[in-house]
file entry_4.pdb (PDB, C-alpha atoms)
ATOM      1  CA  MET A  26      14.837  27.638 -16.356
ATOM      2  CA  SER A  27      13.467  25.964 -19.463
ATOM      3  CA  LEU A  28      14.800  23.140 -21.610
ATOM      4  CA  THR A  29      17.016  23.569 -24.665
ATOM      5  CA  SER A  30      17.440  20.698 -27.089
ATOM      6  CA  ASP A  31      20.113  20.345 -29.724
ATOM      7  CA  PHE A  32      19.979  17.655 -32.445
ATOM      8  CA  LYS A  33      22.990  16.600 -34.481
ATOM      9  CA  VAL A  34      23.435  13.730 -36.925
ATOM     10  CA  ILE A  35      26.750  11.856 -36.913
ATOM     11  CA  GLU A  36      26.738   9.069 -39.530
ATOM     12  CA  ASN A  37      23.723   6.891 -38.631
ATOM     13  CA  VAL A  38      23.384   8.290 -35.113
ATOM     14  CA  LEU A  39      21.139  11.111 -33.904
ATOM     15  CA  VAL A  40      22.814  12.882 -30.993
ATOM     16  CA  VAL A  41      20.328  14.648 -28.715
ATOM     17  CA  ARG A  42      21.813  17.102 -26.216
ATOM     18  CA  LEU A  43      19.484  18.481 -23.581
ATOM     19  CA  SER A  44      20.197  21.331 -21.206
ATOM     20  CA  GLY A  45      18.031  22.795 -18.455
ATOM     21  CA  GLU A  46      14.976  21.284 -16.799
ATOM     22  CA  LEU A  47      12.836  18.462 -18.191
ATOM     23  CA  ASP A  48       9.339  18.424 -16.685
ATOM     24  CA  HIS A  49       5.835  17.756 -18.064
ATOM     25  CA  HIS A  50       5.621  21.149 -19.800
ATOM     26  CA  GLU A  51       8.960  20.661 -21.577
ATOM     27  CA  ALA A  52       8.372  16.923 -22.218
ATOM     28  CA  VAL A  53       5.363  17.656 -24.435
ATOM     29  CA  ILE A  54       7.448  20.035 -26.593
ATOM     30  CA  LEU A  55      10.484  17.725 -26.657
ATOM     31  CA  ARG A  56       8.409  14.700 -27.713
ATOM     32  CA  GLU A  57       7.188  16.516 -30.821
ATOM     33  CA  THR A  58      10.619  17.815 -31.903
ATOM     34  CA  TRP A  59      12.334  14.493 -31.218
ATOM     35  CA  GLN A  60       9.705  12.499 -33.148
ATOM     36  CA  ARG A  61      10.008  14.884 -36.092
ATOM     37  CA  LYS A  62      13.830  14.504 -36.145
ATOM     38  CA  LEU A  63      13.504  10.696 -36.063
ATOM     39  CA  ARG A  64      11.186  10.849 -39.069
ATOM     40  CA  GLU A  65      13.285  13.345 -41.053
ATOM     41  CA  GLU A  66      16.808  12.062 -40.478
ATOM     42  CA  ARG A  67      17.996   8.727 -41.784
ATOM     43  CA  VAL A  68      19.412   7.479 -38.518
ATOM     44  CA  GLN A  69      19.395   4.137 -36.769
ATOM     45  CA  HIS A  70      20.622   4.884 -33.254
ATOM     46  CA  VAL A  71      20.179   7.713 -30.757
ATOM     47  CA  ILE A  72      22.616   9.041 -28.167
ATOM     48  CA  LEU A  73      21.057  11.137 -25.443
ATOM     49  CA  ASN A  74      23.596  13.435 -23.801
ATOM     50  CA  LEU A  75      22.314  14.777 -20.451
ATOM     51  CA  GLU A  76      25.494  16.524 -19.310
ATOM     52  CA  GLU A  77      23.821  19.950 -19.150
ATOM     53  CA  MET A  78      20.461  18.766 -17.829
ATOM     54  CA  THR A  79      19.910  20.010 -14.291
ATOM     55  CA  PHE A  80      16.468  18.624 -13.427
ATOM     56  CA  MET A  81      14.214  15.774 -14.465
ATOM     57  CA  ASP A  82      11.016  14.348 -12.971
ATOM     58  CA  SER A  83       8.819  11.378 -13.947
ATOM     59  CA  SER A  84       7.580  13.204 -17.070
ATOM     60  CA  GLY A  85      11.136  12.837 -18.385
ATOM     61  CA  ILE A  86      10.969   9.064 -17.864
ATOM     62  CA  GLY A  87       7.783   8.982 -19.936
ATOM     63  CA  VAL A  88       9.265  10.838 -22.910
ATOM     64  CA  LEU A  89      12.446   8.711 -22.845
ATOM     65  CA  LEU A  90      10.497   5.442 -22.696
ATOM     66  CA  GLY A  91       8.321   6.611 -25.584
ATOM     67  CA  ARG A  92      11.372   7.307 -27.775
ATOM     68  CA  TYR A  93      13.099   4.103 -26.602
ATOM     69  CA  LYS A  94      10.166   2.083 -27.963
ATOM     70  CA  GLU A  95      10.247   3.915 -31.307
ATOM     71  CA  ILE A  96      14.026   3.481 -31.695
ATOM     72  CA  ILE A  97      13.866  -0.248 -30.827
ATOM     73  CA  HIS A  98      11.045  -0.596 -33.351
ATOM     74  CA  MET A  99      13.341   0.894 -36.034
ATOM     75  CA  GLY A 100      15.957  -1.702 -35.096
ATOM     76  CA  GLY A 101      18.224   0.812 -33.379
ATOM     77  CA  GLU A 102      19.621   1.428 -29.931
ATOM     78  CA  LEU A 103      19.289   4.282 -27.425
ATOM     79  CA  VAL A 104      22.399   5.103 -25.387
ATOM     80  CA  VAL A 105      22.303   7.661 -22.568
ATOM     81  CA  CYS A 106      25.440   9.444 -21.390
ATOM     82  CA  SER A 107      26.774  11.994 -18.879
ATOM     83  CA  LEU A 108      24.098  11.788 -16.151
ATOM     84  CA  ASN A 109      24.375  13.877 -13.006
ATOM     85  CA  PRO A 110      23.740  12.066  -9.667
ATOM     86  CA  ALA A 111      20.184  13.428  -9.180
ATOM     87  CA  ILE A 112      19.033  12.325 -12.624
ATOM     88  CA  ARG A 113      20.825   8.992 -12.174
ATOM     89  CA  ARG A 114      18.658   8.384  -9.068
ATOM     90  CA  ILE A 115      15.449   8.964 -11.043
ATOM     91  CA  PHE A 116      16.729   6.531 -13.702
ATOM     92  CA  GLU A 117      17.559   3.911 -11.071
ATOM     93  CA  MET A 118      14.241   4.294  -9.273
ATOM     94  CA  SER A 119      12.256   3.699 -12.438
ATOM     95  CA  GLY A 120      14.380   0.789 -13.672
ATOM     96  CA  LEU A 121      15.461   2.595 -16.873
ATOM     97  CA  PHE A 122      18.983   1.126 -16.682
ATOM     98  CA  LYS A 123      17.511  -2.347 -17.181
ATOM     99  CA  ILE A 124      16.645  -1.424 -20.757
ATOM    100  CA  ILE A 125      18.672   1.678 -21.673
ATOM    101  CA  ARG A 126      22.456   1.442 -21.926
ATOM    102  CA  LEU A 127      24.549   4.038 -20.120
ATOM    103  CA  ALA A 128      27.863   5.410 -21.415
ATOM    104  CA  GLU A 129      30.246   7.643 -19.503
ATOM    105  CA  ASN A 130      30.330  10.359 -22.152
ATOM    106  CA  GLU A 131      29.323  11.110 -25.730
ATOM    107  CA  GLN A 132      32.583   9.853 -27.239
ATOM    108  CA  PHE A 133      32.300   6.475 -25.488
ATOM    109  CA  ALA A 134      28.694   6.264 -26.628
ATOM    110  CA  LEU A 135      29.710   6.966 -30.266
ATOM    111  CA  ASP A 136      32.530   4.413 -30.030
ATOM    112  CA  SER A 137      30.129   1.785 -28.684
ATOM    113  CA  LEU A 138      27.868   2.305 -31.691
ATOM    114  CA  GLY A 139      30.807   1.900 -34.055
ATOM    115  CA  VAL A 140      30.936   5.524 -35.247
ATOM    116  CA  ALA A 141      34.397   6.586 -36.415
ATOM    117  CA  SER A 142      35.584   9.834 -34.852
TER     118      SER A 142
ATOM    119  CA  MET B  23       5.869  26.686  13.669
ATOM    120  CA  LYS B  24       8.739  28.770  12.396
ATOM    121  CA  ASN B  25       7.546  29.987   9.013
ATOM    122  CA  GLU B  26       4.805  29.387   6.490
ATOM    123  CA  MET B  27       3.765  30.389   2.984
ATOM    124  CA  GLU B  28       0.837  29.785   0.674
ATOM    125  CA  LEU B  29       0.803  29.892  -3.084
ATOM    126  CA  THR B  30      -2.157  29.673  -5.466
ATOM    127  CA  PHE B  31      -1.720  29.524  -9.220
ATOM    128  CA  LEU B  32      -3.511  28.506 -12.410
ATOM    129  CA  SER B  33      -3.343  24.936 -13.712
ATOM    130  CA  VAL B  34      -1.107  25.743 -16.690
ATOM    131  CA  SER B  35       1.986  23.606 -17.294
ATOM    132  CA  GLU B  36       4.333  26.644 -17.289
ATOM    133  CA  ASN B  37       3.579  26.855 -13.552
ATOM    134  CA  GLU B  38       5.244  23.496 -12.833
ATOM    135  CA  ALA B  39       8.656  25.188 -13.014
ATOM    136  CA  PHE B  40       7.355  28.259 -11.157
ATOM    137  CA  ALA B  41       5.959  26.135  -8.298
ATOM    138  CA  ARG B  42       9.105  24.069  -7.696
ATOM    139  CA  ALA B  43      11.403  27.107  -7.982
ATOM    140  CA  THR B  44       9.262  29.073  -5.506
ATOM    141  CA  VAL B  45       9.109  26.282  -2.918
ATOM    142  CA  GLY B  46      12.852  25.766  -3.442
ATOM    143  CA  ALA B  47      13.499  29.465  -2.763
ATOM    144  CA  PHE B  48      11.310  29.398   0.365
ATOM    145  CA  ILE B  49      13.127  26.462   1.952
ATOM    146  CA  THR B  50      16.639  27.847   1.398
ATOM    147  CA  GLN B  51      16.266  29.382   4.904
ATOM    148  CA  LEU B  52      16.594  25.801   6.213
ATOM    149  CA  ASP B  53      19.980  25.552   4.532
ATOM    150  CA  PRO B  54      19.079  22.257   2.825
ATOM    151  CA  THR B  55      21.676  20.022   1.190
ATOM    152  CA  MET B  56      21.710  19.941  -2.627
ATOM    153  CA  ASP B  57      20.100  16.479  -2.489
ATOM    154  CA  GLU B  58      17.323  17.683  -0.185
ATOM    155  CA  LEU B  59      16.627  20.700  -2.385
ATOM    156  CA  THR B  60      16.442  18.535  -5.525
ATOM    157  CA  GLU B  61      14.151  16.050  -3.751
ATOM    158  CA  ILE B  62      11.718  18.770  -2.620
ATOM    159  CA  LYS B  63      11.658  20.391  -6.066
ATOM    160  CA  THR B  64      11.025  17.029  -7.725
ATOM    161  CA  VAL B  65       8.184  16.223  -5.333
ATOM    162  CA  VAL B  66       6.510  19.602  -5.960
ATOM    163  CA  SER B  67       6.869  19.090  -9.698
ATOM    164  CA  GLU B  68       5.278  15.610  -9.513
ATOM    165  CA  ALA B  69       2.324  16.764  -7.394
ATOM    166  CA  VAL B  70       1.587  19.864  -9.496
ATOM    167  CA  THR B  71       1.856  17.846 -12.727
ATOM    168  CA  ASN B  72      -0.630  15.294 -11.336
ATOM    169  CA  SER B  73      -3.110  18.081 -10.550
ATOM    170  CA  ILE B  74      -2.751  19.577 -14.041
ATOM    171  CA  ILE B  75      -2.940  16.335 -16.039
ATOM    172  CA  HIS B  76      -5.169  14.134 -13.898
ATOM    173  CA  GLY B  77      -7.000  16.421 -11.462
ATOM    174  CA  TYR B  78      -7.986  19.073 -13.989
ATOM    175  CA  GLU B  79      -7.505  16.888 -17.098
ATOM    176  CA  GLY B  80      -5.657  19.651 -18.925
ATOM    177  CA  LYS B  81      -8.115  22.469 -18.102
ATOM    178  CA  THR B  82      -6.056  25.631 -17.695
ATOM    179  CA  THR B  83      -8.533  27.794 -15.782
ATOM    180  CA  CYS B  84      -8.461  26.008 -12.412
ATOM    181  CA  HIS B  85      -6.398  26.616  -9.296
ATOM    182  CA  ILE B  86      -3.720  24.628  -7.500
ATOM    183  CA  LYS B  87      -2.731  25.510  -3.954
ATOM    184  CA  ILE B  88       0.523  24.856  -2.119
ATOM    185  CA  LYS B  89       1.000  25.436   1.582
ATOM    186  CA  CYS B  90       4.516  25.037   2.873
ATOM    187  CA  THR B  91       5.247  25.033   6.599
ATOM    188  CA  ILE B  92       8.604  24.928   8.320
ATOM    189  CA  PHE B  93       8.678  23.756  11.940
ATOM    190  CA  LYS B  94      11.282  24.588  14.603
ATOM    191  CA  ASN B  95      12.992  21.198  14.341
ATOM    192  CA  ASN B  96      13.660  21.751  10.616
ATOM    193  CA  GLU B  97      10.730  19.589   9.624
ATOM    194  CA  LEU B  98       8.979  20.566   6.410
ATOM    195  CA  GLU B  99       5.322  20.025   5.583
ATOM    196  CA  LEU B 100       3.926  20.429   2.069
ATOM    197  CA  ILE B 101       0.184  20.472   1.406
ATOM    198  CA  ILE B 102      -0.662  20.470  -2.287
ATOM    199  CA  SER B 103      -4.318  20.509  -3.296
ATOM    200  CA  ASP B 104      -6.637  20.796  -6.269
ATOM    201  CA  GLN B 105     -10.402  20.769  -6.715
ATOM    202  CA  GLY B 106     -10.328  18.449  -9.703
ATOM    203  CA  VAL B 107     -11.910  15.109 -10.511
ATOM    204  CA  GLY B 108     -10.293  13.249  -7.607
ATOM    205  CA  ILE B 109      -8.725   9.800  -7.565
ATOM    206  CA  GLU B 110     -11.097   6.830  -7.679
ATOM    207  CA  ASN B 111      -8.639   4.240  -6.437
ATOM    208  CA  ILE B 112      -5.757   5.728  -4.427
ATOM    209  CA  HIS B 113      -4.119   2.345  -3.834
ATOM    210  CA  GLU B 114      -3.963   1.692  -7.581
ATOM    211  CA  ALA B 115      -2.728   5.227  -8.364
ATOM    212  CA  LYS B 116       0.217   4.742  -5.973
ATOM    213  CA  GLU B 117       1.399   1.497  -7.608
ATOM    214  CA  PRO B 118       4.738   1.976  -9.415
ATOM    215  CA  LEU B 119       4.254   2.205 -13.207
ATOM    216  CA  PHE B 120       0.457   2.500 -12.918
ATOM    217  CA  THR B 121      -0.926   5.257 -15.135
ATOM    218  CA  SER B 122      -4.400   6.119 -16.308
ATOM    219  CA  LYS B 123      -2.935   8.088 -19.224
ATOM    220  CA  PRO B 124      -0.376   5.931 -21.107
ATOM    221  CA  GLN B 125      -1.275   7.698 -24.384
ATOM    222  CA  LEU B 126       0.239  10.880 -22.916
ATOM    223  CA  GLU B 127       3.492   8.985 -22.233
ATOM    224  CA  ARG B 128       3.026   9.142 -18.469
ATOM    225  CA  SER B 129       5.469   6.837 -16.695
ATOM    226  CA  GLY B 130       3.331   6.096 -13.634
ATOM    227  CA  MET B 131       6.260   6.890 -11.322
ATOM    228  CA  GLY B 132       4.980  10.136  -9.761
ATOM    229  CA  PHE B 133       3.683   8.748  -6.467
ATOM    230  CA  THR B 134       6.643   6.349  -6.162
ATOM    231  CA  ILE B 135       9.069   9.273  -6.466
ATOM    232  CA  MET B 136       7.081  11.395  -3.977
ATOM    233  CA  GLU B 137       6.980   8.528  -1.454
ATOM    234  CA  SER B 138      10.682   7.805  -1.707
ATOM    235  CA  PHE B 139      11.820  11.456  -1.544
ATOM    236  CA  MET B 140       9.615  12.387   1.444
ATOM    237  CA  ASP B 141       9.342  10.775   4.916
ATOM    238  CA  SER B 142       5.561  10.526   4.691
ATOM    239  CA  LEU B 143       2.794  10.992   2.136
ATOM    240  CA  GLU B 144      -0.933  11.037   2.815
ATOM    241  CA  VAL B 145      -3.495  11.253   0.020
ATOM    242  CA  PHE B 146      -7.012  12.565   0.620
ATOM    243  CA  SER B 147      -9.258  12.445  -2.399
ATOM    244  CA  LYS B 148     -12.953  12.511  -3.158
ATOM    245  CA  THR B 149     -14.296  11.819  -6.636
ATOM    246  CA  GLY B 150     -15.648  15.030  -8.137
ATOM    247  CA  HIS B 151     -14.245  17.199  -5.331
ATOM    248  CA  GLY B 152     -10.478  17.091  -5.598
ATOM    249  CA  THR B 153      -7.266  15.773  -4.117
ATOM    250  CA  THR B 154      -5.045  16.924  -1.273
ATOM    251  CA  LEU B 155      -1.546  15.575  -0.624
ATOM    252  CA  ILE B 156       0.112  16.057   2.765
ATOM    253  CA  MET B 157       3.819  15.317   2.747
ATOM    254  CA  LYS B 158       6.460  15.648   5.432
ATOM    255  CA  LYS B 159      10.205  15.563   5.494
ATOM    256  CA  GLN B 160      12.752  16.065   8.254
ATOM    257  CA  LEU B 161      15.691  18.018   6.902
ATOM    258  CA  THR B 162      19.159  17.584   8.389
ATOM    259  CA  LYS B 163      19.801  20.028  11.222
ATOM    260  CA  THR B 164      23.505  20.659  11.134
ATOM    261  CA  LYS B 165      25.716  20.682   8.122
ATOM    262  CA  THR B 166      29.295  19.502   8.284
ATOM    263  CA  VAL B 167      31.485  21.156   5.746
ATOM    264  CA  CYS B 168      34.162  18.847   4.375
ATOM    265  CA  HIS B 169      37.360  20.274   3.000
TER     266      HIS B 169
END
call {"tool": "encode", "arguments": {"input": "entry_4.pdb", "output": "structure tokens"}}
result
Amino acid sequence: MSLTSDFKVIENVLVVRLSGELDHHEAVILRETWQRKLREERVQHVILNLEEMTFMDSSGIGVLLGRYKEIIHMGGELVVCSLNPAIRRIFEMSGLFKIIRLAENEQFALDSLGVAS
Amino acid sequence: MKNEMELTFLSVSENEAFARATVGAFITQLDPTMDELTEIKTVVSEAVTNSIIHGYEGKTTCHIKIKCTIFKNNELELIISDQGVGIENIHEAKEPLFTSKPQLERSGMGFTIMESFMDSLEVFSKTGHGTTLIMKKQLTKTKTVCH
């Protein structure tokens, strides 16, 4: 099962929805698309919705940390939402929650960034 | 020994998904829990990715081998090997967040994840000859179904 990524702009927020499996092979492709979207769209913050993501290994951590740094550099914030328990464990193990904020779902994440719904 | 399989494939990144799905399919006969299945698949993915990126440094014409053995007591042994460049300093490679390839956005968490998802991990590596990982995990024997 491969990875599908969907990008949507809501006000100044880029919403990234991933579904499927994020490994090294998919991380290389995702990095390029995600970087291009950040350059093209006039957004400040990013919400990463992982509700439909079924698998992630340490390559996923690498691609998220890379984008986190770029978003912080632009003066924005990265909020992650809707993690399944297996992916939550990988996040915990690598200390990602110390720097990346978690929201229960996409709506809460949008609310926290002050986007009117 | 109860059952065993061997798998050899090319060092192309598409095979990361193939390798973890195949090992996952093989161990379903042990009736693993969802957590155990995810852990094994993650470990296979980490090891194969290491061989592709570090062992073979992106060369796509080399081979990676996986041997998976199931023992009578539901213990699982995974041997994953490559004939790549080898690891100069195994101790350093196993440190959480250590990576020799930060420009490729590697997190340096591969070995940490493998060690925490398996009961044991041994690394045998010789510079210029390759790396072999031997990992073991005892899977739960009886499943209690909760209603």
call {"tool": "resolve_selection", "arguments": {"input": "entry_4.pdb", "expression": "the ChimeraX specification (/B :<8) & /A", "output": "PyMOL selection string"}}
result
chain A and resi 26+48-50+80-84+86-88+90-91+111+115+118-119
call {"tool": "atom_distance", "arguments": {"input": "entry_4.pdb", "atom1": "atom CA of Ala47 of chain B", "atom2": "atom CA of Glu51 of chain A"}}
result
21.3 Å
call {"tool": "resolve_selection", "arguments": {"input": "entry_4.pdb", "expression": "the PyMOL selection byres ((chain B and resi 76) around 9)", "output": "VMD selection string"}}
result
chain B and resid 71 to 75 77 to 80 106 to 109 122 to 123
call {"tool": "atom_distance", "arguments": {"input": "entry_4.pdb", "atom1": "atom CA of Glu77 of chain A", "atom2": "atom CA of Thr55 of chain B"}}
result
20.5 Å
call {"tool": "resolve_selection", "arguments": {"input": "entry_4.pdb", "expression": "the PyMOL selection byres ((chain B and resi 91) around 7)", "output": "MDAnalysis selection string"}}
result
chainID B and resid 25:27 89:90 92:93 98:100
call {"tool": "write_last_selection", "arguments": {"input": "entry_4.pdb", "atoms": "C-alpha atoms", "output": "JSON list (two decimals), in the coordinates of the input"}}
result
[["chain", "number", "residue", "atom", "x", "y", "z"],
["B", 25, "ASN", "CA", 7.55, 29.99, 9.01],
["B", 26, "GLU", "CA", 4.80, 29.39, 6.49],
["B", 27, "MET", "CA", 3.76, 30.39, 2.98],
["B", 89, "LYS", "CA", 1.00, 25.44, 1.58],
["B", 90, "CYS", "CA", 4.52, 25.04, 2.87],
["B", 92, "ILE", "CA", 8.60, 24.93, 8.32],
["B", 93, "PHE", "CA", 8.68, 23.76, 11.94],
["B", 98, "LEU", "CA", 8.98, 20.57, 6.41],
["B", 99, "GLU", "CA", 5.32, 20.02, 5.58],
["B", 100, "LEU", "CA", 3.93, 20.43, 2.07]]
call {"tool": "residues_around", "arguments": {"input": "entry_4.pdb", "residues": "Ile125 of chain A", "least_positions_apart": "6", "cutoff": "8 Å", "atoms": "only C-alpha atoms", "output": "PyMOL selection string"}}
result
chain A and resi 93+103-105
call {"tool": "write_last_selection", "arguments": {"input": "entry_4.pdb", "atoms": "C-alpha atoms", "output": "PDB file, in the frame of the given file"}}
result
ATOM      1  CA  TYR A  93      13.099   4.103 -26.602  1.00  0.00           C
ATOM      2  CA  LEU A 103      19.289   4.282 -27.425  1.00  0.00           C
ATOM      3  CA  VAL A 104      22.399   5.103 -25.387  1.00  0.00           C
ATOM      4  CA  VAL A 105      22.303   7.661 -22.568  1.00  0.00           C
TER       5      VAL A 105
END
call {"tool": "closest_residue", "arguments": {"input": "entry_4.pdb", "among": "A:Asn74, A:Phe133, A:Val41, A:Thr79", "to": "Trp59 of chain A", "atoms": "only C-alpha atoms"}}
result
A:Val41
call {"tool": "closest_atom_pairs", "arguments": {"input": "entry_4.pdb", "of": "segment 105-146 of chain B", "to": "segment 151-159 of chain B", "cutoff": "10 Å", "atoms": "all atoms listed in the file", "output": "CSV"}}
result
residue,atom,partner,partner_atom,distance
B:Gln105,CA,B:Gly152,CA,3.8
B:Gly106,CA,B:Gly152,CA,4.3
B:Val107,CA,B:Gly152,CA,5.5
B:Gly108,CA,B:Gly152,CA,4.3
B:Ile109,CA,B:Thr153,CA,7.0
B:Met136,CA,B:Met157,CA,8.4
B:Glu137,CA,B:Met157,CA,8.6
B:Phe139,CA,B:Lys159,CA,8.3
B:Met140,CA,B:Lys159,CA,5.2
B:Asp141,CA,B:Lys159,CA,4.9
B:Ser142,CA,B:Lys158,CA,5.3
B:Leu143,CA,B:Met157,CA,4.5
B:Glu144,CA,B:Ile156,CA,5.1
B:Val145,CA,B:Leu155,CA,4.8
B:Phe146,CA,B:Thr154,CA,5.1
call {"tool": "closest_residue", "arguments": {"input": "entry_4.pdb", "among": "A:His98, A:Gln132, A:Leu89, A:Gly139", "to": "Phe116 of chain A", "atoms": "all atoms listed in the file"}}
result
A:Leu89
call {"tool": "axis_aligned_box", "arguments": {"input": "entry_4.pdb", "around": "segment 49-64 of chain A", "padding_each_side": "6 Å", "output": "lines of an AutoDock Vina configuration file"}}
result
center_x = 9.6
center_y = 15.9
center_z = -28.6
size_x = 20.5
size_y = 22.5
size_z = 33.0
call {"tool": "closest_residue", "arguments": {"input": "entry_4.pdb", "among": "A:Leu47, A:Glu57, A:Ile112, A:Val38", "to": "Leu135 of chain A", "atoms": "all atoms listed in the file"}}
result
A:Val38
call {"tool": "atom_distance", "arguments": {"input": "entry_4.pdb", "atom1": "atom CA of Gly46 of chain B", "atom2": "atom CA of Ile62 of chain B"}}
result
7.1 Å
call {"tool": "residues_around", "arguments": {"input": "entry_4.pdb", "residues": "Lys94 of chain B", "least_positions_apart": "2", "cutoff": "8 Å", "atoms": "only C-alpha atoms", "output": "ChimeraX atom specification"}}
result
/B:23-24,92,96-97
call {"tool": "residues_around", "arguments": {"input": "entry_4.pdb", "residues": "Phe31 of chain B", "least_positions_apart": "5", "cutoff": "9 Å", "atoms": "only C-alpha atoms", "output": "compact mmCIF listing (two decimals) with C-alpha atoms, in the coordinates of the input"}}
result
# COMPACT_ATOMS: atom_id res chain seq x y z
CA ASN B 37 3.58 26.86 -13.55
CA ALA B 41 5.96 26.14 -8.30
CA CYS B 84 -8.46 26.01 -12.41
CA HIS B 85 -6.40 26.62 -9.30
CA ILE B 86 -3.72 24.63 -7.50
CA LYS B 87 -2.73 25.51 -3.95
CA ILE B 88 0.52 24.86 -2.12
